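Visitor: Below is protein_12.txt; it holds compact mmCIF, C-alpha atoms.
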# COMPACT_ATOMS: atom_id res chain seq x y z
CA MET A 5 -43.78 -86.55 4.35
CA SER A 6 -44.26 -85.23 0.84
CA GLY A 7 -41.35 -83.83 -1.08
CA GLY A 8 -40.67 -80.51 -2.74
CA GLY A 9 -38.16 -79.11 -5.15
CA ARG A 10 -34.96 -77.24 -4.61
CA ASN A 11 -34.71 -73.47 -4.58
CA VAL A 12 -35.69 -71.53 -7.66
CA ASN A 13 -33.29 -71.73 -10.60
CA GLY A 14 -30.70 -73.23 -8.24
CA ASN A 15 -29.99 -69.78 -6.79
CA LEU A 16 -28.22 -70.38 -3.49
CA ASN A 17 -28.71 -66.73 -2.49
CA ALA A 18 -32.52 -66.71 -2.82
CA VAL A 19 -34.42 -65.73 0.33
CA PHE A 20 -37.97 -65.20 1.53
CA TYR A 21 -39.58 -63.37 4.45
CA SER A 22 -42.17 -64.33 7.00
CA GLU A 23 -45.63 -62.79 6.57
CA ALA A 24 -47.10 -64.44 9.69
CA TYR A 25 -45.13 -65.48 12.78
CA HIS A 26 -44.79 -69.11 13.83
CA PRO A 27 -42.22 -69.86 16.58
CA ILE A 28 -41.09 -73.22 15.16
CA GLN A 29 -40.64 -71.77 11.68
CA ALA A 30 -38.77 -68.72 13.05
CA GLY A 31 -36.21 -71.09 14.59
CA SER A 32 -35.46 -72.66 11.20
CA ILE A 33 -32.94 -71.22 8.77
CA ASP A 34 -35.03 -72.27 5.76
CA GLY A 35 -38.49 -72.16 7.32
CA THR A 36 -39.12 -75.93 7.05
CA ASP A 37 -38.46 -77.19 10.60
CA THR A 38 -41.35 -79.04 12.22
CA LEU A 39 -39.85 -79.48 15.72
CA PRO A 40 -38.56 -76.83 18.17
CA HIS A 41 -34.76 -77.04 18.35
CA ASP A 42 -34.31 -75.21 21.69
CA ASN A 43 -36.27 -74.52 24.89
CA ALA A 44 -36.94 -70.89 23.97
CA VAL A 45 -38.67 -71.91 20.74
CA TYR A 46 -40.70 -74.48 22.70
CA ARG A 47 -41.70 -71.80 25.23
CA ALA A 48 -42.75 -69.43 22.44
CA PHE A 49 -44.72 -72.24 20.79
CA LEU A 50 -46.59 -72.91 24.05
CA CYS A 51 -47.41 -69.20 24.45
CA SER A 52 -48.68 -69.07 20.87
CA SER A 53 -50.74 -72.27 21.12
CA ALA A 54 -52.34 -71.32 24.45
CA GLY A 55 -52.91 -67.68 23.48
CA LEU A 56 -50.96 -66.42 26.52
CA TYR A 57 -49.65 -63.33 24.76
CA ASP A 58 -51.85 -60.42 23.71
CA PRO A 59 -49.90 -58.12 21.34
CA LEU A 60 -52.46 -55.34 21.77
CA GLY A 61 -52.59 -55.55 25.57
CA ASP A 62 -49.60 -53.26 26.16
CA PRO A 63 -50.94 -49.98 27.66
CA LYS A 64 -47.89 -48.13 26.29
CA LEU A 65 -48.90 -48.83 22.71
CA LEU A 66 -49.93 -45.47 21.33
CA GLY A 67 -50.23 -43.98 17.88
CA ASP A 68 -50.90 -45.36 14.42
CA PRO A 69 -49.12 -48.71 13.84
CA TYR A 70 -48.97 -48.06 10.08
CA CYS A 71 -46.94 -44.90 10.76
CA THR A 72 -44.69 -46.44 13.45
CA LEU A 73 -41.22 -47.96 13.07
CA PHE A 74 -39.18 -50.21 15.33
CA VAL A 75 -35.55 -49.06 15.67
CA GLY A 76 -33.14 -51.59 17.22
CA HIS A 77 -29.43 -52.04 17.98
CA LEU A 78 -29.32 -48.53 19.45
CA SER A 79 -26.32 -47.41 21.44
CA HIS A 80 -26.98 -47.21 25.19
CA LEU A 81 -25.71 -43.63 24.96
CA THR A 82 -28.48 -42.65 22.53
CA THR A 83 -31.12 -40.37 24.05
CA GLU A 84 -34.57 -39.35 22.90
CA ARG A 85 -33.15 -36.07 21.61
CA THR A 86 -30.40 -37.61 19.45
CA LEU A 87 -32.75 -40.31 18.15
CA ARG A 88 -35.40 -37.74 17.18
CA LYS A 89 -32.78 -35.65 15.39
CA ALA A 90 -31.51 -38.68 13.45
CA MET A 91 -34.97 -39.94 12.44
CA SER A 92 -36.27 -36.47 11.52
CA LYS A 93 -34.13 -36.59 8.39
CA TYR A 94 -36.72 -38.88 6.82
CA GLY A 95 -39.92 -37.09 7.83
CA ARG A 96 -41.87 -35.36 10.59
CA VAL A 97 -41.62 -37.33 13.83
CA LYS A 98 -44.96 -37.25 15.66
CA SER A 99 -43.96 -39.22 18.76
CA LEU A 100 -41.07 -41.30 20.02
CA ARG A 101 -40.64 -43.88 22.81
CA LEU A 102 -37.18 -45.04 23.81
CA VAL A 103 -37.71 -48.23 25.83
CA ARG A 104 -35.89 -48.09 29.18
CA HIS A 105 -35.30 -50.52 32.04
CA ILE A 106 -38.14 -50.28 34.53
CA VAL A 107 -35.75 -50.16 37.53
CA THR A 108 -32.51 -48.53 36.39
CA GLY A 109 -33.95 -46.31 33.66
CA ALA A 110 -31.16 -47.33 31.28
CA SER A 111 -31.90 -47.68 27.58
CA ARG A 112 -32.85 -51.19 26.43
CA GLY A 113 -31.36 -50.45 22.99
CA TYR A 114 -34.56 -50.14 20.96
CA ALA A 115 -37.30 -47.59 20.38
CA PHE A 116 -40.57 -46.93 18.52
CA VAL A 117 -40.82 -43.88 16.26
CA GLU A 118 -44.16 -42.64 14.92
CA TYR A 119 -44.31 -40.37 11.86
CA GLU A 120 -46.99 -37.92 10.81
CA SER A 121 -47.86 -39.91 7.67
CA GLU A 122 -47.53 -43.41 6.25
CA GLY A 123 -45.44 -42.10 3.37
CA GLU A 124 -42.83 -40.67 5.72
CA MET A 125 -42.70 -43.97 7.61
CA GLN A 126 -42.17 -45.83 4.32
CA ARG A 127 -39.27 -43.53 3.45
CA ALA A 128 -37.59 -44.03 6.82
CA TYR A 129 -38.17 -47.81 6.55
CA LYS A 130 -36.23 -47.89 3.27
CA GLU A 131 -33.48 -45.36 3.99
CA ALA A 132 -32.76 -45.54 7.74
CA HIS A 133 -31.98 -49.27 7.87
CA HIS A 134 -28.29 -49.86 8.74
CA SER A 135 -27.70 -46.13 9.24
CA LEU A 136 -25.35 -44.96 11.99
CA ILE A 137 -26.71 -43.33 15.16
CA ASP A 138 -24.07 -42.55 17.79
CA ASP A 139 -21.63 -44.86 15.94
CA SER A 140 -24.04 -47.80 16.14
CA LYS A 141 -25.50 -49.46 13.02
CA VAL A 142 -29.24 -49.64 13.69
CA ILE A 143 -31.89 -51.91 12.21
CA VAL A 144 -35.27 -50.54 11.19
CA ASP A 145 -38.45 -52.59 10.84
CA TYR A 146 -42.19 -52.04 10.83
CA ASN A 147 -44.29 -52.43 13.99
CA ARG A 148 -44.56 -56.23 13.98
CA GLN A 149 -46.12 -56.34 17.44
CA GLN A 150 -49.32 -54.82 16.08
CA LEU A 151 -49.20 -55.70 12.39
CA MET A 152 -47.76 -59.23 12.18
CA PRO A 153 -50.22 -62.09 12.82
CA GLY A 154 -49.09 -64.52 15.55
CA TRP A 155 -46.27 -62.30 16.83
CA ILE A 156 -44.39 -63.51 19.95
CA PRO A 157 -41.77 -61.14 21.45
CA ARG A 158 -38.17 -62.00 22.22
CA ARG A 159 -38.69 -62.14 25.98
CA LEU A 160 -41.07 -65.10 25.47
CA GLY A 161 -38.70 -66.97 23.15
CA GLY A 162 -39.88 -65.44 19.86
CA GLY A 163 -38.79 -62.36 17.96
CA PHE A 164 -36.26 -62.17 15.14
CA CYS A 165 -32.46 -61.99 14.77
CA GLY A 166 -30.57 -62.86 17.97
CA LYS A 167 -26.91 -63.77 18.52
CA LYS A 168 -25.24 -66.82 17.08
CA GLU A 169 -23.31 -67.38 20.32
CA SER A 170 -26.54 -67.90 22.27
CA GLY A 171 -27.78 -70.51 19.79
CA GLN A 172 -31.14 -68.73 19.64
CA LEU A 173 -31.15 -67.20 16.19
CA ARG A 174 -34.56 -66.34 14.74
CA PHE A 175 -35.13 -66.16 10.99
CA GLY A 176 -37.73 -64.72 8.67
CA GLY A 177 -37.27 -61.04 9.53
CA ARG A 178 -35.69 -58.23 7.60
CA GLU A 179 -32.23 -58.71 9.11
CA LYS A 180 -32.10 -62.52 8.84
CA PRO A 181 -34.53 -63.80 6.17
CA PHE A 182 -35.20 -67.47 5.46
CA ARG A 183 -32.94 -69.09 2.91
CA ALA A 184 -34.59 -70.92 0.05
CA PRO A 185 -34.61 -74.61 1.13
CA LEU A 186 -32.16 -77.04 -0.41
CA ARG A 187 -33.94 -80.12 0.97
CA PRO A 188 -37.39 -81.52 0.24
CA ILE A 189 -40.19 -79.45 1.79
CA PRO A 190 -42.45 -81.41 4.23
CA TYR A 191 -45.73 -79.91 3.10
CA ASP A 192 -47.94 -82.30 5.09
CA GLU A 193 -46.17 -81.63 8.38
CA LEU A 194 -46.12 -77.88 7.79
CA GLU A 195 -49.84 -77.89 7.04
CA ARG A 196 -50.56 -79.92 10.20
CA LEU A 197 -48.70 -77.37 12.35
CA GLY A 198 -50.20 -74.38 10.57
CA ILE A 199 -46.83 -73.25 9.22
CA PRO A 200 -46.95 -71.49 5.83
CA PRO A 201 -44.67 -73.30 3.32
CA PRO A 202 -41.86 -71.53 1.44
CA PRO A 203 -43.14 -69.58 -1.58
CA GLU A 204 -41.56 -71.66 -4.33
CA GLY A 205 -41.12 -69.65 -7.51
CA ARG A 206 -41.47 -66.37 -5.64
CA TYR A 207 -38.16 -66.11 -3.81
CA MET A 208 -36.38 -62.78 -3.54
CA SER A 209 -32.84 -61.51 -3.80
CA PRO A 210 -31.18 -60.65 -0.45
CA TYR A 211 -30.69 -57.13 -1.84
CA GLN A 212 -34.41 -56.54 -2.33
CA VAL A 213 -36.23 -54.58 0.38
CA PRO A 214 -39.34 -56.42 1.68
CA SER A 215 -42.42 -54.20 1.73
CA PRO A 216 -44.10 -53.51 5.08
CA PRO A 217 -47.87 -54.02 5.43
CA ARG A 218 -50.02 -51.26 4.01
CA ARG A 219 -53.29 -49.99 5.37
CA LYS A 220 -56.32 -51.61 3.78
CA ARG A 221 -58.52 -48.93 2.28
CA SER A 222 -62.26 -49.28 2.78
CA SER A 223 -64.80 -48.69 0.02
CA MET A 224 -65.75 -45.40 1.71
CA ASP A 225 -62.15 -44.19 1.58
CA ARG A 226 -61.94 -45.14 -2.10
CA GLU A 227 -65.16 -43.25 -2.85
CA GLU A 228 -63.90 -40.17 -1.01
CA SER A 229 -60.61 -40.31 -2.88
CA THR A 230 -62.41 -40.68 -6.22
CA HIS A 231 -64.74 -37.78 -5.38
CA LYS A 232 -61.80 -35.59 -4.38
CA ARG A 233 -59.96 -36.34 -7.63
CA SER A 234 -63.13 -35.53 -9.58
CA MET A 235 -63.53 -32.20 -7.77
CA ASP A 236 -59.88 -31.32 -8.39
CA ARG A 237 -60.27 -32.17 -12.07
CA GLU A 238 -63.34 -29.95 -12.38
CA ALA A 239 -61.55 -27.10 -10.61
CA ASN A 240 -58.61 -27.40 -13.01
CA MET A 241 -60.99 -27.39 -15.98
CA CYS A 242 -62.57 -24.15 -14.74
CA LYS A 243 -59.13 -22.53 -14.50
CA SER A 244 -57.95 -23.68 -17.93
CA SER A 245 -57.95 -21.55 -21.07
CA PRO A 246 -60.52 -21.86 -23.93
CA VAL A 247 -57.88 -23.53 -26.13
CA GLU A 248 -57.28 -26.24 -23.50
CA LYS A 249 -61.03 -26.75 -23.18
CA GLU A 250 -61.32 -27.29 -26.92
CA GLU A 251 -58.45 -29.80 -26.84
CA ARG A 252 -60.20 -31.72 -24.06
CA PHE A 253 -63.43 -31.68 -26.06
CA TYR A 254 -61.76 -33.33 -29.04
CA LYS A 255 -60.15 -35.92 -26.73
CA ARG A 256 -63.62 -36.74 -25.37
CA SER A 257 -65.14 -37.00 -28.86
CA ILE A 258 -65.32 -40.80 -28.34
CA ASP A 259 -68.44 -41.79 -26.39
CA PRO A 260 -67.37 -44.06 -23.43
CA GLU A 261 -70.63 -46.07 -23.56
CA ASP A 262 -70.64 -47.29 -27.17
CA SER A 263 -67.06 -46.36 -28.14
CA SER A 264 -68.35 -44.70 -31.33
CA VAL A 265 -66.85 -41.51 -32.73
CA ARG A 266 -69.06 -38.44 -32.99
CA SER A 267 -69.92 -37.38 -36.51
CA SER A 268 -67.99 -34.55 -38.11
CA THR A 269 -71.22 -32.50 -38.45
CA GLU A 270 -71.87 -32.67 -34.68
CA THR A 271 -68.28 -31.75 -33.99
CA GLU A 272 -68.38 -28.76 -36.36
CA GLU A 273 -71.71 -27.55 -34.92
CA HIS A 274 -70.37 -27.86 -31.40
CA TYR A 275 -67.17 -26.02 -32.36
CA HIS A 276 -69.18 -23.26 -34.13
CA ASN A 277 -71.49 -22.80 -31.13
CA ARG A 278 -68.62 -22.80 -28.69
CA SER A 279 -66.67 -20.36 -30.87
CA SER A 280 -69.65 -17.98 -31.07
CA VAL A 281 -70.12 -18.12 -27.31
CA ASP A 282 -66.40 -17.60 -26.72
CA ARG A 283 -66.31 -14.62 -29.12
CA ALA A 284 -69.30 -13.04 -27.37
CA GLU A 285 -67.71 -13.60 -23.97
CA ARG A 286 -64.38 -12.16 -25.11
CA SER A 287 -66.11 -9.14 -26.66
CA HIS A 288 -68.11 -8.50 -23.52
CA ARG A 289 -65.02 -8.94 -21.37
CA SER A 290 -62.91 -6.57 -23.46
CA SER A 291 -65.70 -3.95 -23.46
CA ARG A 292 -65.97 -4.22 -19.70
CA ASP A 293 -62.21 -3.94 -19.31
CA ARG A 294 -62.21 -0.86 -21.59
CA ASP A 295 -64.93 0.81 -19.50
CA GLU A 296 -63.05 0.05 -16.30
CA ARG A 297 -59.80 1.49 -17.69
CA SER A 298 -61.61 4.62 -18.91
CA HIS A 299 -63.29 5.06 -15.53
CA ARG A 300 -59.96 4.67 -13.72
CA ARG A 301 -58.30 7.19 -16.06
CA ILE A 302 -61.10 9.77 -15.53
CA SER A 303 -60.97 9.27 -11.78
CA ARG A 304 -57.19 9.65 -11.79
CA ASP A 305 -57.37 12.87 -13.88
CA ARG A 306 -60.08 14.28 -11.61
CA ASP A 307 -58.00 13.52 -8.55
CA GLU A 308 -54.91 15.12 -10.06
CA HIS A 309 -56.86 18.25 -11.08
CA SER A 310 -58.40 18.51 -7.62
CA HIS A 311 -54.99 18.10 -6.00
CA LYS A 312 -53.45 20.82 -8.20
CA ARG A 313 -56.32 23.23 -7.49
CA CYS A 314 -56.05 22.67 -3.74
CA SER A 315 -52.30 23.24 -3.90
CA ARG A 316 -52.77 26.46 -5.90
CA ASP A 317 -55.39 27.77 -3.45
CA ARG A 318 -53.12 26.94 -0.55
CA ASP A 319 -50.23 28.89 -2.14
CA GLU A 320 -52.46 31.91 -2.83
CA ARG A 321 -53.70 31.98 0.76
CA ALA A 322 -50.16 31.77 2.09
CA HIS A 323 -49.08 34.65 -0.24
CA LYS A 324 -51.98 36.83 0.93
CA ARG A 325 -51.12 36.18 4.59
CA HIS A 326 -47.50 37.13 3.92
CA LYS A 327 -48.48 40.41 2.19
CA SER A 328 -50.88 41.25 5.00
CA ARG A 329 -48.20 40.76 7.66
CA HIS A 330 -45.70 42.82 5.64
CA ARG A 331 -48.22 45.69 5.30
CA GLU A 332 -48.97 45.63 9.04
CA ARG A 333 -45.27 45.84 9.91
CA SER A 334 -44.80 48.80 7.52
CA THR A 335 -47.76 50.69 9.03
CA SER A 336 -46.41 50.08 12.52
CA ARG A 337 -42.96 51.52 11.65
CA ASP A 338 -44.54 54.64 10.03
CA ARG A 339 -46.61 55.26 13.18
CA TYR A 340 -43.56 55.35 15.46
Mind converting the file's structure to structure tokens?
Guide:
Amino acid sequence: MSGGGRNVNGNLNAVFYSEAYHPIQAGSIDGTDTLPHDNAVYRAFLCSSAGLYDPLGDPKLLGDPYCTLFVGHLSHLTTERTLRKAMSKYGRVKSLRLVRHIVTGASRGYAFVEYESEGEMQRAYKEAHHSLIDDSKVIVDYNRQQLMPGWIPRRLGGGFCGKKESGQLRFGGREKPFRAPLRPIPYDELERLGIPPPPEGRYMSPYQVPSPPRRKRSSMDREESTHKRSMDREANMCKSSPVEKEERFYKRSIDPEDSSVRSSTETEEHYHNRSSVDRAERSHRSSRDRDERSHRRISRDRDEHSHKRCSRDRDERAHKRHKSRHRERSTSRDRY
């Protein structure tokens, strides 16, 4: 057994978190145990060694694991509706599954919540932990079943947390991290069992929030993102004013290939050419705008004149009809 040092800087509050699950390590408060200390840990170790548990074999697993959160310690009075309302404060909830007993239908006290985007899941992961839902302080974690290598669930002796009274506490998770070891670290034994050793020199404060796994971006995704940013930049350049274009030109006066500055003559020639082109464009644009305004004014005057003439003709016709009716009535009275 080879030795190791004590925790970093003698900080008794330093902690670290498990990145891959190992049942024997999860049963240890400092992550250095090499023997299972209870039957449940031994059972989980057998399941892990024999490959008896398939974390992706659950037919109820739906949705994107990078957008899904585990919510535990729920009140048995919490329903899908109240849980959705509580978790919607952090983003758009795409789907939700409150795990219930297969026979009674009662809530098992935990659920899986999927968000529309990874960013919304990250926000809920940071802010919803230890929040109150139906007067119960909940714990929030990422979807370890699908994203944590070697995961063994609680029903098979694995998992995290647990109750002290049962003697089956599990460490390394967000709620109960490993404590930095105070005793020598048995590196040889840990390596033989495939247990990752404590990260000496990289311990964390218990007040730091451990980051959940992020989606690995492929080269194609990176190329698409770069192409999209380039297109957006070109679109913004087309919308910018001539002054902004000139400022960008002077910022790009350094050639990226040989890092040499353009000569002042080239810069002046370019500025003169660009200024001439800009003046011609502005002159042409102002002339076109003047013609359009003149055409609109002439059209408006013509319409007004036509409207006045029509109104005058209409009044004259109405006056003639009135005189004609008055004359007919007078002739009729004279006749009788």
Visitor: Atom CA of Gln29 of chain A and atom CA of Phe175 of chain A, how far apart in Å?
Guide: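 These atoms are spaced 7.9 Å apart.
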Visitor: Using only C-alpha atoms, which of the listed residues (A:Val97, A:Glu320, A:His26, A:Arg104) sits closest to Thr38 of chain A?
Guide: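 Nearest to Thr38 of chain A: A:His26.
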Visitor: What separation in Å, quoted to one decimal, exists between atom CA of Gln149 of chain A and atom CA of Ile189 of chain A?
Guide: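 Computed distance, atom CA of Gln149 of chain A to atom CA of Ile189 of chain A, equals 28.5 Å.
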Visitor: Between atom CA of Tyr146 of chain A and atom CA of Leu39 of chain A, what is the distance, to one decimal in Å?
Guide: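 So the answer is 28.0 Å.
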Visitor: Between A:Phe116, A:His105, A:Pro59, A:Arg331, which one has atoms that come closest to Met91 of chain A, using all atoms listed in the file?
Guide: A:Phe116
